[in-house]
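Before any comments, here is the structure.
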Amino acid sequence: MKVVTQNGDFDLGVTEATPTISMTDFSRRVTDDFGVTTVVERGFSRRMSVKLAVPTANIDAVHRRLSDLRATSALWVADDQSVWLSLYGFYR
């Protein structure tokens with residue numbers, strides 16, 4: 001798992017399993033008095049879930065890095081095979 005920020009990039013660890021992405025659609029359907037249904041688009045959010053294999057000696061360093069990333073927008077790249085799953089956003 002690689003994280004790319006304005007200050008540079010760093011690795012968090014080896015991706016253990018295939019990353020997954022879930023999407024939440026915040027659009028809603030509205031039906032008027034005549035029975036016509038339209039979709040009011042509001043946007044969506046994506047969430048990436050990744051399992052990492054991190055050596056025990058590196059856990060504190062990874063935890064410190066993630067704590068520093070809380071308010072920083074970054075590009076999250078799971079691994080070289082899943083580059084198309086990359087997301088740009090915040091760690092939560």
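All residue names refer to the structure tokens as shown: chains lettered A, B, ... in order, residues numbered from 1 in each chain, ligands numbered from 1 in order.
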Item to complete: Give me the residues within 12 Å of segment 63-78 of chain A as a PyMOL selection string, counting only C-alpha atoms and dropping any in the same chain fewer than 6 places off.
Response: chain A and resi 1-21+47-52+54+56-57+84-92
Discussion item. DSSP on the backbone, strand (DSSP E or B) only: what residues of chain A does that give? Format it as a ChimeraX atom specification.
Written reply: /A:2-5,8-11,14-15,20-25,28-31,37-40,44-49,52-53,74-77,87-89
Pull N, CA, C and O atoms from the residues just selected and write them as a short mmCIF file (atom, residue, chain, number, x, y, z; two decimals), in the first residue's frame.
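Heads up, here's the output in result-v5.cif:
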```cif
data_model
loop_
_atom_site.label_atom_id
_atom_site.label_comp_id
_atom_site.auth_asym_id
_atom_site.auth_seq_id
_atom_site.Cartn_x
_atom_site.Cartn_y
_atom_site.Cartn_z
N LYS A 2 0.70 2.07 -0.99
CA LYS A 2 1.50 3.27 -1.10
C LYS A 2 0.60 4.50 -0.93
O LYS A 2 -0.52 4.53 -1.44
N VAL A 3 1.10 5.49 -0.20
CA VAL A 3 0.38 6.74 0.01
C VAL A 3 1.20 7.86 -0.61
O VAL A 3 2.39 8.00 -0.31
N VAL A 4 0.57 8.65 -1.47
CA VAL A 4 1.25 9.75 -2.14
C VAL A 4 0.64 11.06 -1.66
O VAL A 4 -0.56 11.29 -1.83
N THR A 5 1.46 11.92 -1.05
CA THR A 5 1.02 13.23 -0.57
C THR A 5 1.84 14.31 -1.24
O THR A 5 2.75 14.03 -2.02
N GLY A 8 5.58 13.96 -0.45
CA GLY A 8 6.28 12.77 -0.91
C GLY A 8 5.40 11.55 -0.78
O GLY A 8 4.22 11.64 -0.48
N ASP A 9 5.99 10.38 -1.00
CA ASP A 9 5.22 9.15 -0.88
C ASP A 9 5.95 8.16 0.01
O ASP A 9 7.15 8.29 0.24
N PHE A 10 5.20 7.21 0.56
CA PHE A 10 5.76 6.19 1.44
C PHE A 10 4.89 4.96 1.40
O PHE A 10 3.73 5.00 1.04
N ASP A 11 5.49 3.83 1.76
CA ASP A 11 4.79 2.55 1.80
C ASP A 11 4.31 2.26 3.21
O ASP A 11 5.04 2.49 4.18
N VAL A 14 2.80 -4.42 2.79
CA VAL A 14 2.41 -5.27 1.66
C VAL A 14 0.92 -5.56 1.75
O VAL A 14 0.40 -5.92 2.80
N THR A 15 0.22 -5.42 0.62
CA THR A 15 -1.20 -5.72 0.58
C THR A 15 -1.39 -7.22 0.69
O THR A 15 -0.87 -7.99 -0.11
N THR A 20 -10.86 -3.97 -1.68
CA THR A 20 -12.25 -3.84 -2.10
C THR A 20 -12.67 -2.39 -1.98
O THR A 20 -12.15 -1.64 -1.15
N ILE A 21 -13.61 -2.01 -2.82
CA ILE A 21 -14.14 -0.66 -2.78
C ILE A 21 -15.65 -0.75 -2.66
O ILE A 21 -16.30 -1.51 -3.38
N SER A 22 -16.20 0.02 -1.74
CA SER A 22 -17.65 0.11 -1.63
C SER A 22 -18.07 1.52 -2.00
O SER A 22 -17.35 2.48 -1.74
N MET A 23 -19.22 1.64 -2.64
CA MET A 23 -19.72 2.95 -3.04
C MET A 23 -21.08 3.18 -2.40
O MET A 23 -21.91 2.29 -2.35
N THR A 24 -21.28 4.40 -1.92
CA THR A 24 -22.56 4.80 -1.36
C THR A 24 -23.11 5.91 -2.23
O THR A 24 -22.46 6.94 -2.43
N ASP A 25 -24.31 5.70 -2.74
CA ASP A 25 -24.96 6.68 -3.60
C ASP A 25 -25.91 7.51 -2.75
O ASP A 25 -26.80 6.96 -2.09
N ARG A 28 -31.41 10.53 -4.54
CA ARG A 28 -32.72 10.09 -4.07
C ARG A 28 -33.73 10.23 -5.19
O ARG A 28 -33.57 11.02 -6.10
N ARG A 29 -34.76 9.44 -5.12
CA ARG A 29 -35.82 9.48 -6.11
C ARG A 29 -36.97 10.33 -5.57
O ARG A 29 -37.35 10.20 -4.42
N VAL A 30 -37.51 11.15 -6.46
CA VAL A 30 -38.62 12.01 -6.09
C VAL A 30 -39.76 11.76 -7.07
O VAL A 30 -39.56 11.80 -8.27
N THR A 31 -40.96 11.48 -6.55
CA THR A 31 -42.14 11.27 -7.39
C THR A 31 -43.07 12.46 -7.20
O THR A 31 -43.44 12.81 -6.08
N THR A 37 -41.36 9.92 -11.72
CA THR A 37 -40.23 9.78 -10.79
C THR A 37 -38.96 10.29 -11.44
O THR A 37 -38.64 9.91 -12.57
N THR A 38 -38.28 11.15 -10.75
CA THR A 38 -36.99 11.65 -11.22
C THR A 38 -35.94 11.40 -10.14
O THR A 38 -36.26 11.25 -8.97
N VAL A 39 -34.69 11.34 -10.58
CA VAL A 39 -33.58 11.12 -9.66
C VAL A 39 -32.89 12.45 -9.40
O VAL A 39 -32.46 13.13 -10.34
N VAL A 40 -32.80 12.82 -8.14
CA VAL A 40 -32.09 14.03 -7.75
C VAL A 40 -30.69 13.60 -7.34
O VAL A 40 -30.51 12.93 -6.32
N PHE A 44 -21.78 10.86 -4.38
CA PHE A 44 -21.50 9.53 -3.85
C PHE A 44 -20.19 9.57 -3.09
O PHE A 44 -19.42 10.52 -3.19
N SER A 45 -19.96 8.54 -2.34
CA SER A 45 -18.68 8.40 -1.64
C SER A 45 -18.13 7.01 -1.91
O SER A 45 -18.87 6.08 -2.17
N ARG A 46 -16.81 6.90 -1.86
CA ARG A 46 -16.14 5.61 -2.04
C ARG A 46 -15.33 5.32 -0.80
O ARG A 46 -14.77 6.22 -0.19
N ARG A 47 -15.24 4.06 -0.47
CA ARG A 47 -14.45 3.62 0.67
C ARG A 47 -13.61 2.42 0.24
O ARG A 47 -14.15 1.44 -0.27
N MET A 48 -12.30 2.50 0.45
CA MET A 48 -11.42 1.39 0.12
C MET A 48 -11.08 0.65 1.40
O MET A 48 -10.77 1.25 2.42
N SER A 49 -11.15 -0.67 1.34
CA SER A 49 -10.79 -1.52 2.46
C SER A 49 -9.62 -2.41 2.04
O SER A 49 -9.70 -3.10 1.03
N LEU A 52 -3.34 -5.21 5.30
CA LEU A 52 -1.90 -5.10 5.11
C LEU A 52 -1.17 -6.11 5.97
O LEU A 52 -1.58 -6.41 7.09
N ALA A 53 -0.06 -6.61 5.43
CA ALA A 53 0.84 -7.47 6.20
C ALA A 53 1.99 -6.58 6.65
O ALA A 53 2.85 -6.20 5.86
N ALA A 74 -4.67 12.65 0.25
CA ALA A 74 -3.59 11.86 -0.35
C ALA A 74 -4.14 10.92 -1.41
O ALA A 74 -5.34 10.64 -1.46
N LEU A 75 -3.25 10.41 -2.25
CA LEU A 75 -3.58 9.39 -3.23
C LEU A 75 -3.21 8.04 -2.62
O LEU A 75 -2.07 7.84 -2.21
N TRP A 76 -4.16 7.12 -2.55
CA TRP A 76 -3.97 5.81 -1.93
C TRP A 76 -3.92 4.77 -3.04
O TRP A 76 -4.89 4.57 -3.76
N VAL A 77 -2.78 4.08 -3.17
CA VAL A 77 -2.57 3.07 -4.20
C VAL A 77 -2.36 1.74 -3.49
O VAL A 77 -1.39 1.57 -2.75
N LEU A 87 -7.47 5.68 -5.00
CA LEU A 87 -8.43 6.69 -4.55
C LEU A 87 -7.68 7.92 -4.08
O LEU A 87 -6.59 7.83 -3.53
N TYR A 88 -8.30 9.06 -4.26
CA TYR A 88 -7.76 10.31 -3.75
C TYR A 88 -8.70 10.78 -2.64
O TYR A 88 -9.89 11.00 -2.88
N GLY A 89 -8.19 10.88 -1.43
CA GLY A 89 -9.06 11.29 -0.33
C GLY A 89 -8.34 11.28 1.01
O GLY A 89 -7.11 11.28 1.08
#
```
Item to complete: Would you list, as number ranges by chain, the residues of chain A that end up in helix (DSSP H, G or I) under DSSP run on this structure's backbone?
Response: A: 56-68, 80-85
